[in-house]
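See structure below.
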Amino acid sequence: MLFQLTNQPIETLISSSLHPHTGGIVTFEGRVRAINDDREVSSLEYEAYPELALHEGHTIISEVLEQFDILEARAIHRTGHLAIGDIAVWIMSAAVHRKEAFAATEYIINAIKTSVPIWKKEHYSNGEAIWVRCDRCADEHNHTAKEVFSL
Amino acid sequence: MLFQLTNQPIETLISSSLHPHTGGIVTFEGRVRAINDDREVSSLEYEAYPELALHEGHTIISEVLEQFDILEARAIHRTGHLAIGDIAVWIMSAAVHRKEAFAATEYIINAIKTSVPIWKKEHYSNGEAIWVRCDRCADEHNHTAKEVFSL
Amino acid sequence: MTTLQITYFAALRDTTGYAEETLTTEMATAKALFHELTAKYHWPFAETDIQVAINDRYQSTDTLLKEGDRIVFIPPVAGG
Amino acid sequence: MTTLQITYFAALRDTTGYAEETLTTEMATAKALFHELTAKYHWPFAETDIQVAINDRYQSTDTLLKEGDRIVFIPPVAGG
């Protein structure tokens with residue numbers, strides 16, 4: 001499966017089946033940070049719109065397989081409740097040559113953050129919880145997470 | 001340890017101790033390819049000059065930790081006899097933000113290929129074996145592996 | 001009048017209190033429906049913040065609504 | 001005359017048949033020693049292909065050799 005959603009720990013789903021020409025594999029793991037925008041995060045929740053998220057995720061990976069000189073690409077995004085340190089998203093690209101694997105993996109994570117309908121609710125150690133608004137997460141150096149509203 | 005050499009399978013050495021601010025982890029795995037420059041590889045051997053390789057590897061990782069905005073970086077290089085699909089080198093960088101983790105990991109693999117004294121002998125399915133000369137492996141798009149001489 | 005199936009996720013669902021409703025509207029486009037629902041539920045989003053999915057695919061907010069469409073308004077995503 | 005400890009790796013070791021030798025030379029620099037050994041062992045490398053380590057650190061090939069130095073000539077590396 002090119003793109004998966006799962007409510008189980010992603011570690012259990014990572015397998016390494018390898019094309020015999022594979023020379024370089026680049027993975028990206030997005031992990032739940034204990035601190036986000038100076039607030040102490042206790043846990044978080046990812047909610048997906050599954051029908052559209054799977055469609056968009058599959059489209060991203062398919063396009064990457066056409067546009068980059070890579071042999072394989074996969075991505076898995078977690079949904080549900082996550083603790084600090086859990087893997088929220090796992091991406092891998094395998095290529096004959098490493099440059100393309102780096103480029104493809106970075107492209108995939110940026111595209112997922114831009115177009116896959118998944119939302120994140122951060123729970124803070126003071127008991128608050130907000131749906132994070134992250135308009136520019138794909139352009140993270142200008143990123144300011146904005147609170148949608150407290151609940 | 002920032003940089004390690006090992007004659008054991010690298011899979012057994014990868015652990016994930018994580019800084020709590022880690023948001024993105026980028027890994028690179030270099031694997032033994034079944035085909036290199038159109039020749040069918042049956043196995044290969046990596047030989048290191050250990051005293052200098054450890055020094056250079058440690059220097060690379062230390063410089064990356066200073067020059068990139070990352071929390072952790074590690075690299076492990078295999079030595080000895082490897083089969084197709086085995087991990088020859090494993091690198092990881094962990095950062096608050098992913099862009100720096102991608103840049104650091106790519107920098108490390110390029111630097112290892114340039115300056116760490118490790119040599120590779122390819123064994124081919126026709127029984128030949130050569131020490132691979134790979135002057136421009138760090139600039140892989142212009143790369144031509146040249147035979148040093150057959151043995 | 002068009003009868004639609006609307007599904008709410010995340011921050012929008014928190015404003016409605018339920019995930020789905022069947023709604024009959026006079027609005028012709030997704031954009032017009034967005035403004036109708038913003039008035040009803042006090043959504044804290046501008047028109048430019050929101051995308052729309054019709055029958056599980058992204059569509060222009062100018063798309064004309066058809067009887068039985070499944071509509072999902074999509075606030076800024078935050079995956080990854 | 002300087003007495004040195006020379007260690008050979010990889011392709012170079014295959015030309016010598018052994019990994020280490022103690023060698024006494026009139027050559028003053030690592031570069032001159034490289035040419036002496038190239039003549040002796042028929043090394044298939046140009047001067048510009050080779051780096052040198054003296055006492056386990058990269059050094060310029062113009063470095064003057066000192067009694068007891070550990071010398072390693074380093075053909076193009078191929079790790080990673």
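Residue names in the structure tokens use chain letters A, B, ... in the order shown, residue numbers from 1 in each chain, and ligand numbers from 1 in the order shown.
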
Long-range neighbours of stretch 57-63 of chain C as a PyMOL selection string, 9 Å cut-off, only C-alpha atoms, 4 positions minimum in chain: (chain A and resi 51-52+55-56) or (chain C and resi 28-32+34+50-53)

With C-alpha atoms retained, could you export that selection as a compact mmCIF listing (two decimals), in the first residue's frame?
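Output file result_32.txt follows:
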# COMPACT_ATOMS: atom_id res chain seq x y z
CA GLU A 51 -11.82 8.66 2.14
CA LEU A 52 -10.15 11.86 0.96
CA HIS A 55 -7.04 9.38 -2.07
CA GLU A 56 -4.74 12.39 -1.65
CA ALA C 28 -26.36 27.04 -5.15
CA THR C 29 -22.63 26.69 -4.51
CA ALA C 30 -20.35 25.28 -1.86
CA LYS C 31 -19.12 28.79 -1.11
CA ALA C 32 -22.64 30.07 -0.45
CA PHE C 34 -20.14 27.77 3.68
CA ILE C 50 -11.48 26.60 3.91
CA GLN C 51 -11.44 24.00 1.17
CA VAL C 52 -14.37 21.84 0.21
CA ALA C 53 -14.66 18.18 -0.68

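Close contacts of B:Ile61, defined as residues with an atom at most 7 Å away when counting only C-alpha atoms, with chain neighbours fewer than 3 positions off set aside, comprise Leu2, Gly57, His58, Val64, Leu65, Ala73 and Arg74 of chain B.
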
Both chains have the same sequence, so superpose chain D on chain C over all Cα atoms paired in order and return it as a compact mmCIF listing (two decimals) with C-alpha atoms, in the first residue's frame.
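Saved result, part.txt, follows:
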# COMPACT_ATOMS: atom_id res chain seq x y z
CA MET D 1 -33.79 23.35 -2.92
CA THR D 2 -31.05 20.76 -2.64
CA THR D 3 -30.72 18.11 0.03
CA LEU D 4 -27.14 17.34 1.02
CA GLN D 5 -25.26 15.09 3.40
CA ILE D 6 -22.78 17.18 5.40
CA THR D 7 -19.95 15.65 7.43
CA TYR D 8 -17.99 17.62 10.02
CA PHE D 9 -14.47 16.90 11.20
CA ALA D 10 -12.20 18.27 13.89
CA ALA D 11 -12.75 21.92 14.82
CA LEU D 12 -15.93 22.13 12.74
CA ARG D 13 -17.47 19.11 14.43
CA ASP D 14 -16.83 20.75 17.78
CA THR D 15 -19.03 23.67 16.70
CA THR D 16 -21.92 21.48 15.58
CA GLY D 17 -21.77 18.82 18.26
CA TYR D 18 -22.39 16.08 15.71
CA ALA D 19 -20.47 14.57 12.82
CA GLU D 20 -23.17 14.40 10.17
CA GLU D 21 -26.36 16.06 9.19
CA THR D 22 -28.79 15.97 6.29
CA LEU D 23 -29.49 19.53 5.25
CA THR D 24 -31.77 21.14 2.72
CA THR D 25 -30.54 24.44 1.35
CA GLU D 26 -31.32 27.13 -1.20
CA MET D 27 -27.64 27.82 -1.69
CA ALA D 28 -26.36 27.04 -5.15
CA THR D 29 -22.61 26.70 -4.51
CA ALA D 30 -20.33 25.27 -1.86
CA LYS D 31 -19.12 28.79 -1.10
CA ALA D 32 -22.64 30.07 -0.44
CA LEU D 33 -23.33 27.03 1.75
CA PHE D 34 -20.14 27.77 3.67
CA HIS D 35 -21.42 31.25 4.49
CA GLU D 36 -24.82 29.89 5.50
CA LEU D 37 -23.20 27.41 7.90
CA THR D 38 -20.74 29.99 9.21
CA ALA D 39 -23.69 32.16 10.23
CA LYS D 40 -25.43 29.18 11.83
CA TYR D 41 -22.46 27.70 13.73
CA HIS D 42 -20.23 30.78 14.17
CA TRP D 43 -17.28 29.18 12.42
CA PRO D 44 -14.07 31.06 13.10
CA PHE D 45 -12.73 30.67 9.56
CA ALA D 46 -12.53 32.98 6.58
CA GLU D 47 -13.71 31.78 3.20
CA THR D 48 -10.07 31.63 2.06
CA ASP D 49 -9.14 29.32 4.95
CA ILE D 50 -11.50 26.60 3.90
CA GLN D 51 -11.45 24.00 1.17
CA VAL D 52 -14.37 21.84 0.22
CA ALA D 53 -14.67 18.18 -0.68
CA ILE D 54 -17.68 17.06 -2.67
CA ASN D 55 -18.24 13.32 -2.80
CA ASP D 56 -14.80 12.75 -1.24
CA ARG D 57 -12.74 14.81 -3.72
CA TYR D 58 -11.47 18.37 -3.44
CA GLN D 59 -13.55 20.71 -5.59
CA SER D 60 -13.69 24.42 -6.23
CA THR D 61 -15.89 26.27 -3.75
CA ASP D 62 -17.73 27.63 -6.78
CA THR D 63 -18.96 24.15 -7.67
CA LEU D 64 -22.74 23.90 -8.00
CA LEU D 65 -24.34 21.65 -5.44
CA LYS D 66 -26.32 18.65 -6.60
CA GLU D 67 -29.02 16.66 -4.85
CA GLY D 68 -27.49 14.02 -2.58
CA ASP D 69 -23.92 15.37 -2.62
CA ARG D 70 -21.69 14.54 0.32
CA ILE D 71 -20.14 17.79 1.46
CA VAL D 72 -17.14 18.21 3.78
CA PHE D 73 -15.68 21.61 4.62
CA ILE D 74 -12.00 21.30 5.33
CA PRO D 75 -10.30 23.72 7.70
CA PRO D 76 -6.52 24.14 7.41
CA VAL D 77 -4.92 20.70 7.67
CA ALA D 78 -2.24 19.89 10.23
CA GLY D 79 -1.00 16.40 9.48
CA GLY D 80 2.56 15.18 9.40

Among listed residues B:Ile70, B:Val26, B:Ile84, B:Val116, nearest A:Phe102 (using only C-alpha atoms): B:Val26

Chain B contacts on chain A, only C-alpha atoms, 6 Å, as number ranges by chain: A: 20-31, 33-34

Distance-based interface of chain B with chain D, 8 Å, counting only C-alpha atoms, as an MDAnalysis selection string: chainID B and resid 30 46:49 51:52 77 88:89 109 112:120 131:135 137 148

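The helix (DSSP H, G or I) portion of stretch 19-73 of chain C consists of Ala30, Lys31, Ala32, Leu33, Phe34, His35, Glu36, Leu37, Thr38, Ala39, Lys40, Tyr41, Glu47, Thr48 and Asp49 of chain C, with states taken from DSSP on the backbone.
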
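Straight-line separation from atom CA of B:Thr6 to atom CA of A:Ala104: 29.3 Å.
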
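The protein and nucleic acid residues lying at most 12 Å from B:Tyr124 are Arg33, Ala34, Ile35, Asn36, Asp37, Asp38, Arg39, Glu40, Val41, Ser42, Ser43, Leu44, Glu45, Ala83, Ile84, Lys121, Glu122, Asn126, Gly127, Glu128, Ala129, Ile130, Trp131, Val132, Ser150 and Leu151 of chain B, with only C-alpha atoms considered and sequence neighbours fewer than 2 positions away removed.
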
Dump N, CA, C and O atoms for the selected residues as an mmCIF file, in the first residue's frame?
data_model
loop_
_atom_site.group_PDB
_atom_site.id
_atom_site.type_symbol
_atom_site.label_atom_id
_atom_site.label_comp_id
_atom_site.auth_asym_id
_atom_site.auth_seq_id
_atom_site.Cartn_x
_atom_site.Cartn_y
_atom_site.Cartn_z
ATOM 1 N N ARG B 33 23.778 -3.008 -3.298
ATOM 2 C CA ARG B 33 22.963 -3.197 -4.507
ATOM 3 C C ARG B 33 23.359 -4.465 -5.248
ATOM 4 O O ARG B 33 24.549 -4.790 -5.340
ATOM 5 N N ALA B 34 22.369 -5.113 -5.841
ATOM 6 C CA ALA B 34 22.634 -6.313 -6.635
ATOM 7 C C ALA B 34 23.319 -5.980 -7.961
ATOM 8 O O ALA B 34 23.998 -6.819 -8.540
ATOM 9 N N ILE B 35 23.096 -4.747 -8.431
ATOM 10 C CA ILE B 35 23.677 -4.324 -9.703
ATOM 11 C C ILE B 35 24.420 -3.022 -9.452
ATOM 12 O O ILE B 35 23.872 -2.107 -8.846
ATOM 13 N N ASN B 36 25.665 -2.926 -9.887
ATOM 14 C CA ASN B 36 26.384 -1.659 -9.805
ATOM 15 C C ASN B 36 27.095 -1.446 -11.124
ATOM 16 O O ASN B 36 27.842 -2.309 -11.583
ATOM 17 N N ASP B 37 26.851 -0.285 -11.743
ATOM 18 C CA ASP B 37 27.442 -0.015 -13.053
ATOM 19 C C ASP B 37 27.270 -1.181 -14.014
ATOM 20 O O ASP B 37 28.220 -1.616 -14.676
ATOM 21 N N ASP B 38 26.054 -1.697 -14.036
ATOM 22 C CA ASP B 38 25.681 -2.772 -14.963
ATOM 23 C C ASP B 38 26.374 -4.111 -14.716
ATOM 24 O O ASP B 38 26.278 -5.014 -15.542
ATOM 25 N N ARG B 39 27.039 -4.253 -13.594
ATOM 26 C CA ARG B 39 27.631 -5.565 -13.302
ATOM 27 C C ARG B 39 26.853 -6.189 -12.150
ATOM 28 O O ARG B 39 26.435 -5.524 -11.211
ATOM 29 N N GLU B 40 26.699 -7.499 -12.226
ATOM 30 C CA GLU B 40 25.936 -8.217 -11.208
ATOM 31 C C GLU B 40 26.826 -8.508 -10.003
ATOM 32 O O GLU B 40 27.781 -9.285 -10.107
ATOM 33 N N VAL B 41 26.501 -7.872 -8.905
ATOM 34 C CA VAL B 41 27.311 -7.993 -7.689
ATOM 35 C C VAL B 41 26.809 -9.175 -6.876
ATOM 36 O O VAL B 41 25.603 -9.338 -6.681
ATOM 37 N N SER B 42 27.713 -10.008 -6.390
ATOM 38 C CA SER B 42 27.268 -11.123 -5.548
ATOM 39 C C SER B 42 27.441 -10.800 -4.063
ATOM 40 O O SER B 42 26.649 -11.236 -3.232
ATOM 41 N N SER B 43 28.468 -10.023 -3.743
ATOM 42 C CA SER B 43 28.660 -9.612 -2.348
ATOM 43 C C SER B 43 29.727 -8.528 -2.352
ATOM 44 O O SER B 43 30.297 -8.231 -3.395
ATOM 45 N N LEU B 44 29.974 -7.950 -1.190
ATOM 46 C CA LEU B 44 31.107 -7.029 -1.144
ATOM 47 C C LEU B 44 31.735 -6.967 0.225
ATOM 48 O O LEU B 44 31.234 -7.517 1.204
ATOM 49 N N GLU B 45 32.884 -6.334 0.234
ATOM 50 C CA GLU B 45 33.705 -6.243 1.425
ATOM 51 C C GLU B 45 34.048 -4.785 1.653
ATOM 52 O O GLU B 45 34.472 -4.107 0.713
ATOM 53 N N ALA B 83 26.370 -9.052 2.290
ATOM 54 C CA ALA B 83 25.541 -9.666 1.235
ATOM 55 C C ALA B 83 24.630 -8.607 0.622
ATOM 56 O O ALA B 83 24.436 -7.524 1.184
ATOM 57 N N ILE B 84 24.042 -8.935 -0.520
ATOM 58 C CA ILE B 84 23.083 -8.046 -1.174
ATOM 59 C C ILE B 84 21.965 -7.680 -0.183
ATOM 60 O O ILE B 84 21.438 -8.540 0.501
ATOM 61 N N LYS B 121 35.406 -3.546 -1.860
ATOM 62 C CA LYS B 121 35.765 -4.539 -2.884
ATOM 63 C C LYS B 121 34.486 -5.231 -3.321
ATOM 64 O O LYS B 121 33.792 -5.838 -2.501
ATOM 65 N N GLU B 122 34.175 -5.102 -4.596
ATOM 66 C CA GLU B 122 32.979 -5.760 -5.120
ATOM 67 C C GLU B 122 33.331 -7.131 -5.673
ATOM 68 O O GLU B 122 34.290 -7.266 -6.447
ATOM 69 N N ASN B 126 30.490 -13.388 -11.789
ATOM 70 C CA ASN B 126 31.391 -14.158 -12.665
ATOM 71 C C ASN B 126 32.706 -14.524 -11.974
ATOM 72 O O ASN B 126 33.616 -15.046 -12.605
ATOM 73 N N GLY B 127 32.810 -14.241 -10.674
ATOM 74 C CA GLY B 127 33.987 -14.649 -9.919
ATOM 75 C C GLY B 127 35.044 -13.565 -9.774
ATOM 76 O O GLY B 127 35.942 -13.684 -8.945
ATOM 77 N N GLU B 128 34.961 -12.509 -10.570
ATOM 78 C CA GLU B 128 35.912 -11.408 -10.422
ATOM 79 C C GLU B 128 35.653 -10.615 -9.139
ATOM 80 O O GLU B 128 34.556 -10.650 -8.586
ATOM 81 N N ALA B 129 36.678 -9.884 -8.724
ATOM 82 C CA ALA B 129 36.535 -8.995 -7.568
ATOM 83 C C ALA B 129 37.446 -7.800 -7.787
ATOM 84 O O ALA B 129 38.599 -7.972 -8.190
ATOM 85 N N ILE B 130 36.936 -6.599 -7.560
ATOM 86 C CA ILE B 130 37.790 -5.416 -7.691
ATOM 87 C C ILE B 130 37.559 -4.450 -6.531
ATOM 88 O O ILE B 130 36.476 -4.374 -5.967
ATOM 89 N N TRP B 131 38.623 -3.735 -6.212
ATOM 90 C CA TRP B 131 38.489 -2.591 -5.320
ATOM 91 C C TRP B 131 37.899 -1.458 -6.152
ATOM 92 O O TRP B 131 38.468 -1.060 -7.167
ATOM 93 N N VAL B 132 36.771 -0.964 -5.733
ATOM 94 C CA VAL B 132 36.062 0.038 -6.519
ATOM 95 C C VAL B 132 36.684 1.403 -6.304
ATOM 96 O O VAL B 132 36.950 1.804 -5.165
ATOM 97 N N SER B 150 41.791 -5.700 -11.392
ATOM 98 C CA SER B 150 41.187 -6.977 -11.015
ATOM 99 C C SER B 150 42.175 -7.777 -10.190
ATOM 100 O O SER B 150 43.381 -7.601 -10.326
ATOM 101 N N LEU B 151 41.633 -8.618 -9.360
ATOM 102 C CA LEU B 151 42.505 -9.387 -8.469
ATOM 103 C C LEU B 151 42.223 -10.874 -8.605
ATOM 104 O O LEU B 151 41.128 -11.271 -8.886
#

Residue set, stretch 70-120 of chain B restricted to strand (DSSP E or B), as a VMD selection string: chain B and resid 72 to 78 80 to 83 87 to 95 118 to 120

Pairwise distance for atom CA of A:Ile60 and atom CA of A:Gln4, rounded to one decimal in Å: 12.1 Å

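For the atom pair formed by atom CA of B:Asp69 and atom CA of A:Tyr107, the distance is 20.2 Å, given to one decimal.
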